[in-house]
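Dumped input_39.txt below, it's compact mmCIF, C-alpha atoms:
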# COMPACT_ATOMS: atom_id res chain seq x y z
CA MET K 12 114.18 91.53 124.26
CA ALA K 13 116.63 93.40 126.53
CA ARG K 14 115.57 96.64 128.17
CA PRO K 15 116.36 99.57 125.86
CA LYS K 16 118.87 102.22 126.89
CA LEU K 17 117.11 105.27 128.33
CA ARG K 18 117.70 109.01 128.04
CA LEU K 19 116.16 110.50 131.18
CA PRO K 20 115.41 114.15 132.08
CA VAL K 21 117.61 114.10 135.19
CA ILE K 22 116.28 117.38 136.60
CA GLN K 23 112.80 115.95 137.30
CA ASN K 24 111.28 114.02 140.21
CA TRP K 25 108.08 112.03 140.15
CA SER K 26 106.11 109.50 142.19
CA CYS K 27 102.40 108.76 142.05
CA HIS K 28 100.46 110.43 144.88
CA ASN K 29 97.11 108.80 144.04
CA CYS K 30 95.30 112.01 143.15
CA SER K 31 93.27 109.99 140.56
CA GLY K 32 93.28 112.93 138.15
CA CYS K 33 94.58 110.78 135.31
CA CYS K 34 91.74 108.30 135.87
CA ARG K 35 89.20 111.10 135.54
CA GLN K 36 90.66 112.99 132.57
CA HIS K 37 92.19 110.49 130.19
CA LEU K 38 90.61 108.19 127.67
CA ILE K 39 92.36 104.80 127.96
CA GLU K 40 92.67 102.99 124.65
CA ILE K 41 93.49 99.30 124.96
CA THR K 42 94.65 96.53 122.69
CA GLU K 43 92.63 93.47 121.69
CA GLU K 44 94.80 91.40 124.02
CA GLU K 45 94.17 93.75 126.94
CA LYS K 46 90.43 93.71 126.20
CA THR K 47 90.38 89.92 126.36
CA ARG K 48 92.41 89.85 129.58
CA ILE K 49 90.21 92.41 131.33
CA GLU K 50 86.98 90.71 130.28
CA LYS K 51 88.31 87.40 131.61
CA GLN K 52 88.78 89.04 135.01
CA ASN K 53 84.98 88.66 135.41
CA TRP K 54 84.12 91.97 137.05
CA THR K 55 80.77 92.05 138.88
CA ALA K 56 78.60 94.37 140.96
CA GLU K 57 80.29 92.96 144.06
CA ASP K 58 83.53 94.52 142.77
CA GLY K 59 81.78 97.87 142.43
CA ILE K 60 81.19 97.63 138.67
CA PRO K 61 77.59 98.56 137.66
CA ALA K 62 75.83 95.59 136.10
CA ASP K 63 74.51 97.76 133.25
CA ARG K 64 77.94 99.04 132.20
CA PRO K 65 80.40 96.94 130.18
CA VAL K 66 83.98 97.48 131.31
CA VAL K 67 85.19 97.85 127.71
CA VAL K 68 83.53 99.75 124.85
CA ARG K 69 84.26 100.49 121.21
CA HIS K 70 86.48 103.45 120.32
CA GLY K 71 86.77 103.99 116.57
CA ARG K 72 88.17 100.74 115.21
CA GLY K 73 89.60 99.77 118.59
CA TRP K 74 88.61 99.64 122.24
CA ARG K 75 88.79 101.73 125.38
CA LEU K 76 87.95 101.36 129.04
CA ASN K 77 84.43 102.49 129.84
CA HIS K 78 83.74 105.33 132.23
CA ALA K 79 81.41 105.67 135.21
CA ALA K 80 78.46 108.04 135.35
CA ASP K 81 80.64 110.78 136.86
CA GLY K 82 83.09 110.62 133.94
CA GLY K 83 85.87 108.79 135.79
CA CYS K 84 87.27 105.42 134.74
CA ILE K 85 84.93 102.55 135.52
CA PHE K 86 87.73 100.89 137.50
CA LEU K 87 88.28 103.91 139.78
CA ASN K 88 87.04 103.07 143.28
CA ASP K 89 85.66 105.38 145.98
CA GLU K 90 89.13 105.79 147.49
CA GLY K 91 90.52 107.05 144.20
CA LEU K 92 92.46 103.86 143.49
CA CYS K 93 92.41 101.41 140.59
CA ARG K 94 90.33 98.26 141.08
CA ILE K 95 92.46 96.29 138.61
CA HIS K 96 95.65 97.24 140.46
CA ALA K 97 94.13 96.41 143.85
CA LYS K 98 92.80 93.01 142.80
CA PHE K 99 95.39 91.73 140.32
CA GLY K 100 98.46 93.94 140.74
CA GLU K 101 99.96 96.68 138.58
CA PRO K 102 101.07 94.39 135.68
CA ALA K 103 97.41 93.55 135.03
CA LYS K 104 96.58 97.18 134.20
CA PRO K 105 96.50 98.38 130.58
CA LEU K 106 99.89 99.56 129.36
CA ALA K 107 98.55 103.10 128.81
CA CYS K 108 97.79 103.34 132.54
CA ARG K 109 101.21 102.03 133.51
CA VAL K 110 103.01 104.45 131.18
CA TYR K 111 101.37 107.68 132.38
CA PRO K 112 102.75 110.28 133.08
CA TYR K 113 105.85 109.12 131.23
CA ALA K 114 106.17 109.78 127.51
CA LEU K 115 108.53 107.35 125.79
CA HIS K 116 109.62 107.18 122.17
CA PRO K 117 112.56 105.81 120.16
CA SER K 118 115.53 108.06 119.37
CA GLY K 119 118.13 106.18 117.41
CA GLN K 120 119.12 103.12 119.44
CA GLU K 121 117.71 104.61 122.67
CA VAL K 122 114.38 105.52 124.19
CA THR K 123 113.97 109.11 125.34
CA VAL K 124 111.80 109.74 128.38
CA SER K 125 109.74 112.84 129.04
CA LEU K 126 106.87 113.59 131.40
CA ARG K 127 103.38 114.98 131.03
CA PHE K 128 102.74 118.05 133.17
CA SER K 129 99.03 117.29 133.24
CA CYS K 130 99.98 115.27 136.33
CA PRO K 131 100.02 117.55 139.42
CA SER K 132 102.91 115.62 140.99
CA VAL K 133 105.01 116.26 137.88
CA VAL K 134 104.21 119.98 137.96
CA GLU K 135 105.21 120.22 141.62
CA ASN K 136 108.31 118.02 141.12
CA LYS K 137 107.14 115.71 143.90
CA GLY K 138 108.60 112.28 144.45
CA THR K 139 111.69 110.28 143.57
CA PRO K 140 114.38 111.47 141.12
CA LEU K 141 113.80 109.81 137.76
CA ALA K 142 117.30 108.34 137.85
CA ASP K 143 116.23 106.33 140.90
CA ASN K 144 113.21 105.03 138.97
CA ALA K 145 115.32 103.88 136.01
CA LYS K 146 114.64 100.16 136.50
CA GLU K 147 110.88 100.63 136.62
CA ILE K 148 110.95 103.02 133.65
CA GLY K 149 113.09 100.48 131.81
CA ARG K 150 110.46 97.78 132.35
CA ILE K 151 107.77 100.11 131.00
CA ALA K 152 109.97 101.09 128.05
CA LYS K 153 110.54 97.42 127.23
CA ALA K 154 106.77 96.82 127.19
CA VAL K 155 106.18 99.92 125.03
CA THR K 156 108.83 98.98 122.47
CA GLU K 157 108.21 95.21 122.41
CA GLY K 158 108.14 94.10 118.80
CA LYS K 159 108.75 97.63 117.54
CA LYS K 160 111.67 99.06 115.60
CA LEU K 161 113.88 101.19 117.84
CA LYS K 162 116.05 102.63 115.10
CA THR K 163 114.06 105.44 113.52
CA ASP K 164 114.94 108.44 111.39
CA SER K 165 115.81 111.61 113.27
CA PRO K 166 113.33 114.51 112.98
CA GLU K 167 113.91 117.17 110.36
CA ILE K 168 115.48 120.37 111.67
CA SER K 169 113.46 122.40 109.20
CA PRO K 170 111.69 121.16 106.07
CA GLY K 171 114.24 119.26 103.98
CA GLN K 172 117.09 119.69 106.48
CA THR K 173 118.17 116.56 108.36
CA VAL K 174 121.17 115.34 110.32
CA ASP K 175 121.79 111.99 111.97
CA TRP K 176 120.74 111.25 115.54
CA ALA K 177 124.12 112.11 117.07
CA ASP K 178 124.03 115.60 115.54
CA LEU K 179 120.33 116.06 116.27
CA LEU K 180 121.08 115.40 119.93
CA GLN K 181 123.75 118.12 119.76
CA LEU K 182 120.99 120.55 118.84
CA THR K 183 118.84 119.47 121.78
CA GLU K 184 121.78 119.66 124.19
CA THR K 185 122.67 123.19 123.05
CA LEU K 186 119.04 124.26 123.32
CA ASP K 187 118.84 122.75 126.80
CA ARG K 188 121.96 124.64 127.92
CA ILE K 189 120.27 127.94 127.04
CA PHE K 190 117.76 127.18 129.80
CA ALA K 191 120.30 125.75 132.26
CA ASP K 192 121.82 128.91 133.78
CA PRO K 193 119.90 129.73 136.99
CA ALA K 194 121.32 133.26 136.98
CA VAL K 195 119.40 134.12 133.78
CA PRO K 196 115.65 134.83 134.15
CA PHE K 197 113.40 132.40 132.31
CA ASP K 198 111.95 135.16 130.13
CA VAL K 199 115.43 136.01 128.82
CA GLN K 200 116.28 132.34 128.34
CA LEU K 201 113.16 131.83 126.24
CA HIS K 202 113.77 134.83 123.99
CA ARG K 203 117.38 133.72 123.50
CA ALA K 204 116.20 130.21 122.62
CA LEU K 205 113.75 131.62 120.04
CA PHE K 206 116.50 133.76 118.50
CA TRP K 207 118.76 130.68 118.34
CA ALA K 208 116.04 128.41 116.89
CA ASN K 209 115.09 130.95 114.23
CA LEU K 210 118.69 131.15 113.02
CA ILE K 211 118.94 127.35 113.02
CA GLY K 212 115.80 127.21 110.88
CA GLU K 213 117.44 129.38 108.22
CA MET K 214 120.58 127.26 107.92
CA THR K 215 121.63 124.33 105.76
CA PHE K 216 123.63 121.49 107.30
CA GLU K 217 124.96 119.55 104.33
CA SER K 218 128.64 120.14 105.16
CA VAL K 219 128.42 120.84 108.90
CA ARG K 220 128.61 117.80 111.11
CA GLY K 221 130.13 116.53 114.35
CA VAL K 222 132.62 118.86 116.03
CA ARG K 223 132.07 121.64 113.49
CA LEU K 224 128.34 121.54 114.16
CA ALA K 225 128.89 121.68 117.92
CA GLU K 226 131.10 124.76 117.49
CA LEU K 227 128.57 126.45 115.22
CA LEU K 228 125.67 125.80 117.58
CA GLY K 229 127.68 127.25 120.47
CA ILE K 230 128.58 130.36 118.48
CA ILE K 231 124.91 130.97 117.66
CA ALA K 232 123.98 130.52 121.33
CA GLU K 233 126.64 133.07 122.30
CA GLU K 234 125.27 135.50 119.71
CA ALA K 235 121.76 135.00 121.12
CA ALA K 236 123.09 135.92 124.59
CA ILE K 237 124.72 139.07 123.18
CA GLN K 238 121.65 140.15 121.24
CA ILE K 239 119.22 139.48 124.11
CA SER K 240 120.70 140.61 127.39
CA SER K 241 117.46 141.52 129.15
CA SER K 242 113.71 141.02 128.88
CA PRO K 243 112.33 142.68 125.72
CA GLU K 244 109.88 145.54 126.16
CA PRO K 245 106.26 144.39 125.68
CA GLU K 246 105.00 144.89 122.13
CA GLN K 247 101.41 144.24 121.18
CA PRO K 248 101.07 141.29 118.78
CA SER K 249 99.47 141.93 115.41
CA ARG K 250 95.68 141.87 115.18
CA SER K 251 95.75 138.70 113.08
CA GLY K 252 98.31 137.20 115.44
CA ARG K 253 96.03 137.77 118.43
CA MET K 254 93.14 136.10 116.58
CA LEU K 255 95.23 133.06 115.62
CA PHE K 256 96.54 132.86 119.17
CA ARG K 257 93.04 132.89 120.70
CA MET K 258 92.07 130.03 118.40
CA LEU K 259 95.09 128.14 119.71
CA VAL K 260 94.08 128.90 123.30
CA ALA K 261 90.60 127.50 122.61
CA GLN K 262 92.13 124.12 121.77
CA TYR K 263 94.12 124.09 125.02
CA ALA K 264 91.23 125.31 127.19
CA ARG K 265 89.00 122.30 126.50
CA ARG K 266 88.24 119.39 128.75
CA ASP K 267 88.24 116.23 126.64
CA THR K 268 87.22 113.20 128.67
CA ALA K 269 85.42 110.00 127.78
CA SER K 270 82.12 111.51 128.93
CA ASP K 271 82.71 114.54 126.68
CA LEU K 272 82.91 112.17 123.71
CA ASP K 273 79.41 110.97 124.48
CA ALA K 274 78.01 114.49 123.96
CA GLY K 275 77.67 113.68 120.25
CA TRP K 276 76.71 116.35 117.73
CA LYS K 277 75.53 118.70 120.48
CA GLY K 278 79.01 118.65 122.01
CA ARG K 279 80.65 119.23 118.63
CA PHE K 280 78.32 122.13 117.88
CA ARG K 281 79.12 123.66 121.29
CA LEU K 282 82.84 123.49 120.50
CA LEU K 283 82.29 125.04 117.08
CA ARG K 284 80.38 127.98 118.57
CA ALA K 285 83.09 128.42 121.19
CA ALA K 286 85.80 128.43 118.49
CA VAL K 287 83.97 131.22 116.64
CA LYS K 288 83.74 133.27 119.85
CA TYR K 289 87.43 132.77 120.58
CA ALA K 290 88.30 133.91 117.06
CA ARG K 291 86.23 137.08 117.47
CA GLY K 292 87.55 137.75 120.98
CA ARG K 293 84.55 139.79 122.10
CA GLY K 294 82.12 139.39 124.97
CA THR K 295 82.47 136.53 127.44
CA VAL K 296 84.98 133.72 127.13
CA PRO K 297 83.13 130.39 126.54
CA VAL K 298 83.62 127.94 129.39
CA LEU K 299 85.12 124.71 128.04
CA HIS K 300 86.57 123.32 131.26
CA GLU K 301 85.31 123.07 134.82
CA LYS K 302 88.34 124.98 136.14
CA PHE K 303 87.21 128.17 134.40
CA SER K 304 84.28 130.57 134.66
CA GLY K 305 82.88 133.05 132.15
CA VAL K 306 85.11 136.16 132.12
CA PRO K 307 85.39 139.04 129.61
CA PHE K 308 87.85 138.63 126.74
CA ASP K 309 88.97 142.22 127.32
CA ALA K 310 90.18 141.35 130.82
CA MET K 311 92.83 139.03 129.35
CA GLU K 312 94.52 142.00 127.65
CA GLN K 313 95.01 144.16 130.76
CA GLU K 314 98.32 144.45 132.60
CA PHE K 315 98.67 141.89 135.37
CA GLY K 316 102.31 142.43 136.17
CA PRO K 317 104.98 139.73 135.71
CA PRO K 318 104.19 136.18 136.82
CA PRO K 319 105.23 135.23 140.39
CA SER K 320 109.02 134.84 140.58
CA ASP K 321 108.77 131.27 141.85
CA THR K 322 107.18 130.20 138.57
CA ASP K 323 110.47 130.77 136.72
CA GLU K 324 111.69 127.44 138.11
CA LEU K 325 108.50 125.72 136.95
CA PHE K 326 108.67 127.08 133.39
CA THR K 327 112.40 126.36 133.13
CA ARG K 328 111.94 122.78 134.33
CA TYR K 329 108.99 122.30 131.97
CA PHE K 330 111.07 123.37 128.97
CA ARG K 331 114.14 121.37 129.97
CA VAL K 332 112.11 118.18 130.50
CA LYS K 333 110.43 118.58 127.11
CA ILE K 334 113.74 119.37 125.39
CA GLN K 335 115.76 116.62 127.08
CA GLY K 336 112.95 114.17 126.32
CA LEU K 337 112.61 115.33 122.67
CA HIS K 338 108.96 115.87 123.52
CA PHE K 339 108.43 118.72 121.05
CA CYS K 340 109.27 117.37 117.59
CA GLY K 341 109.47 114.21 115.50
CA SER K 342 107.53 111.13 116.51
CA ALA K 343 106.78 112.57 119.96
CA TYR K 344 105.03 115.64 118.56
CA TYR K 345 102.99 115.11 115.39
CA HIS K 346 106.19 114.42 113.39
CA VAL K 347 106.92 118.14 113.02
CA PRO K 348 110.45 119.47 112.40
CA PHE K 349 112.69 120.58 115.28
CA VAL K 350 112.29 124.35 114.81
CA GLU K 351 108.52 124.24 114.23
CA GLY K 352 108.14 122.03 117.28
CA PHE K 353 110.08 124.47 119.43
CA HIS K 354 107.86 127.31 118.21
CA SER K 355 104.85 125.28 119.41
CA LEU K 356 106.56 124.68 122.74
CA ALA K 357 107.38 128.39 123.12
CA LEU K 358 103.71 129.23 122.51
CA MET K 359 102.84 127.23 125.61
CA VAL K 360 104.06 130.17 127.70
CA PRO K 361 101.53 132.75 126.47
CA VAL K 362 98.86 130.03 126.37
CA VAL K 363 99.46 129.18 130.03
CA LEU K 364 99.61 132.86 131.02
CA TRP K 365 96.35 133.58 129.15
CA LEU K 366 94.62 130.69 130.92
CA ALA K 367 96.13 131.78 134.25
CA ARG K 368 94.71 135.26 133.71
CA ALA K 369 91.29 133.73 133.10
CA LEU K 370 91.58 131.86 136.41
CA ALA K 371 92.65 135.02 138.26
CA VAL K 372 89.84 137.16 136.81
CA GLY K 373 87.34 134.41 137.61
CA ALA K 374 88.52 134.55 141.22
CA GLY K 375 88.21 138.33 141.33
CA ARG K 376 91.94 139.07 141.18
CA SER K 377 93.94 141.36 138.88
CA GLU K 378 97.31 139.72 139.48
CA LEU K 379 98.54 136.16 139.11
CA ILE K 380 99.44 133.76 141.89
CA ARG K 381 101.47 130.59 141.53
CA GLU K 382 98.39 128.39 141.73
CA ASP K 383 96.99 130.09 138.61
CA ILE K 384 100.11 129.12 136.66
CA VAL K 385 100.15 125.56 138.05
CA THR K 386 96.50 124.93 137.20
CA ALA K 387 96.80 126.48 133.74
CA LEU K 388 99.85 124.35 132.94
CA THR K 389 98.16 121.11 134.00
CA VAL K 390 95.14 121.98 131.82
CA ALA K 391 97.20 122.98 128.77
CA ASP K 392 99.76 120.18 128.86
CA HIS K 393 96.96 117.62 128.92
CA HIS K 394 96.59 118.44 125.21
CA HIS K 395 100.14 119.37 124.14
CA GLY K 396 101.30 116.66 121.78
CA TYR K 397 98.18 114.51 122.35
CA SER K 398 95.17 116.40 121.00
CA PRO K 399 94.64 115.52 117.30
CA ALA K 400 93.45 119.09 116.76
CA LEU K 401 96.87 120.50 117.65
CA GLY K 402 98.53 118.27 115.06
CA SER K 403 96.10 119.21 112.31
CA ARG K 404 97.14 121.06 109.17
CA ALA K 405 95.23 124.15 110.34
CA ALA K 406 96.91 124.23 113.75
CA ARG K 407 100.37 123.77 112.28
CA SER K 408 99.67 126.52 109.75
CA ARG K 409 98.73 128.88 112.61
CA THR K 410 102.02 128.19 114.38
CA ARG K 411 104.05 128.78 111.21
CA THR K 412 102.14 132.01 110.49
CA LEU K 413 102.74 133.32 114.02
CA ALA K 414 106.45 132.49 113.72
CA LYS K 415 106.84 134.08 110.29
CA ALA K 416 105.10 137.28 111.43
CA GLY K 417 107.35 137.54 114.50
CA ASP K 418 104.32 137.30 116.79
CA ILE K 419 105.60 134.50 119.07
CA PRO K 420 108.06 136.68 121.05
CA ARG K 421 105.47 139.47 121.09
CA LEU K 422 102.82 137.13 122.56
CA ILE K 423 105.26 135.97 125.24
CA SER K 424 106.12 139.52 126.32
CA TRP K 425 102.52 140.78 126.01
CA TYR K 426 101.06 138.21 128.40
CA ARG K 427 103.96 138.45 130.86
CA ARG K 428 103.35 142.16 131.44

Let me see the file written as structure tokens.
Amino acid sequence: MARPKLRLPVIQNWSCHNCSGCCRQHLIEITEEEKTRIEKQNWTAEDGIPADRPVVVRHGRGWRLNHAADGGCIFLNDEGLCRIHAKFGEPAKPLACRVYPYALHPSGQEVTVSLRFSCPSVVENKGTPLADNAKEIGRIAKAVTEGKKLKTDSPEISPGQTVDWADLLQLTETLDRIFADPAVPFDVQLHRALFWANLIGEMTFESVRGVRLAELLGIIAEEAAIQISSSPEPEQPSRSGRMLFRMLVAQYARRDTASDLDAGWKGRFRLLRAAVKYARGRGTVPVLHEKFSGVPFDAMEQEFGPPPSDTDELFTRYFRVKIQGLHFCGSAYYHVPFVEGFHSLALMVPVVLWLARALAVGAGRSELIREDIVTALTVADHHHGYSPALGSRAARSRTRTLAKAGDIPRLISWYRR
């Protein structure tokens, strides 16, 4: 099979800097073939593998790599490097390890490429331009798509509204252009994009295709720019909107590692109690991740002032990478329609700002610094598009309810103040 044609987010750089974070946070599911290959590598105590720990364990109906006592991957050595890579070379590693932090999925006859901002090097834009890594990404894409059907149906725009891939890509390109002007603050870009997406969600596309569609999308983008010329004044979200939003934050604030899975019913009960506390929003915020400490819910609602100006570039790049990589709808995001997926992506901003506030308050500060935003984004994007809870019927219903009530732009402005 030839290497598939790639669609790369050209604004992003990345190279691995061996921080080993992915080896400590992610559960690595493997195929039956990978299980057999790894077991035939005959790992022993001399290689640093505990004799009482199998390298592969059951995970549902499949398999995953085991973890060490500290929660990290069993193949992570004391220097923070992969034992499989060191002993047998990168091709011997499971495909899931080789793919991260890329996210690849079919889009028509191509493979779109996005990146996961749970990787610190992605967040900081460190490394080689993705265009320079095209050959390596192509090899990974070939392995990911081997034996799979590349030609897939395009995502719905809204329920029951579909266009072909060429026209769907016109939507993504127009949406991307809204975020492309460096002279426009990110906050304004985001509110314009929401205005544009909401109008798109109300339209039918039966007789609008090709050039006519491109013209229409541009006209709506121009109208969004006219209607939203500056940052909206902060408006408190509805009471029910704040409750639904806190429940969403609870799902992003978790730390889900292989060792967390071993907590059994006690761990599940702890999460249930935390979810109830988040819904109520009173008292102390439950600690679900080692990055956070117990802080009052009320402190999240105080004025912190706008986020540091140098985080505009980070948020803009995050959105453009996700949009260019189609990493917010269709097969890359729980198979949700285009507009609903963008609403979920837009909610990442207040989620990240809420988590950043928790970090600041925990450190004894009443204003945000860039490191708060960076840490909050790496925590939240670990789950975005990958946590089954976020793709559940309940989670999707929350997003639709927040959108219908007009609470998404309110949440964005409220937690930017």

| request: Find the distance between CA of Cys93 (chain K) and CA of Ala343 (chain K) and write it in Å to one decimal. | output: 27.5 Å

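Excluding Glu45 (chain K) and any residue on its chain fewer than 4 positions from it, the residues at most 7 Å away by only C-alpha atoms are Ile41, Ile49 and Pro105 of chain K.
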
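Residues of protein, DNA or RNA having at least one counted atom within 10 Å of (101.3, 144.8, 114.4), given all atoms listed in the file, are Glu246, Gln247, Pro248, Ser249, Arg250, Ser251, Gly252, Arg253, Ala416, Gly417, Asp418 and Arg421 of chain K.
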
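Neighbours of Arg75 (chain K) closer than or equal to 8 Å, with all atoms listed in the file counted and sequence neighbours fewer than 5 positions away skipped, come out as K:Leu38, K:Ile39, K:Glu40, K:Ile41, K:Val67, K:Val68, K:Arg69, K:His70.
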
For those residues, write C-alpha atoms to a file as an mmCIF file, in the coordinates of the input.
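Saved the output as out11.cif:
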data_model
loop_
_atom_site.group_PDB
_atom_site.id
_atom_site.type_symbol
_atom_site.label_atom_id
_atom_site.label_comp_id
_atom_site.auth_asym_id
_atom_site.auth_seq_id
_atom_site.Cartn_x
_atom_site.Cartn_y
_atom_site.Cartn_z
ATOM 1 C CA LEU K 38 90.610 108.190 127.670
ATOM 2 C CA ILE K 39 92.360 104.800 127.960
ATOM 3 C CA GLU K 40 92.670 102.990 124.650
ATOM 4 C CA ILE K 41 93.490 99.300 124.960
ATOM 5 C CA VAL K 67 85.190 97.850 127.710
ATOM 6 C CA VAL K 68 83.530 99.750 124.850
ATOM 7 C CA ARG K 69 84.260 100.490 121.210
ATOM 8 C CA HIS K 70 86.480 103.450 120.320
#

Rows by chain and residue number, region 364-417 of chain K within 10 Å of region 325-328 of chain K, shortest pair, only C-alpha atoms, as JSON lines:
{"residue": "K:Arg381", "atom": "CA", "partner": "K:Leu325", "partner_atom": "CA", "distance": 9.7}
{"residue": "K:Ile384", "atom": "CA", "partner": "K:Leu325", "partner_atom": "CA", "distance": 9.1}
{"residue": "K:Val385", "atom": "CA", "partner": "K:Leu325", "partner_atom": "CA", "distance": 8.4}
{"residue": "K:Leu388", "atom": "CA", "partner": "K:Phe326", "partner_atom": "CA", "distance": 9.2}

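Closest approach to Val174 (chain K) among K:Ile419, K:Ile85, K:Val219, K:Val124: K:Val219, based on only C-alpha atoms.
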
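Taking CA of Gln172 (chain K) as the reference point, CA of Ile211 (chain K) is found at 10.2 Å.
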
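The shortest atom-to-atom distance to Gly91 (chain K), with all atoms listed in the file taken into account, belongs to K:Cys33 out of K:Ile60, K:Cys33, K:Leu76, K:Ala414.
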
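When the distance limit is 12 Å and only C-alpha atoms are what count, the residues near Arg188 (chain K), minus those fewer than 5 positions from it on the same chain, are K:Gln181, K:Leu182, K:Thr183, K:Pro193, K:Val195, K:Gln200, K:Leu201, K:Arg203, K:Ala204, K:Trp207, K:Leu228, K:Gly229, K:Ala232, K:Glu233, K:Ala236, K:Thr327, K:Phe330, K:Arg331, K:Ile334, K:Gln335.
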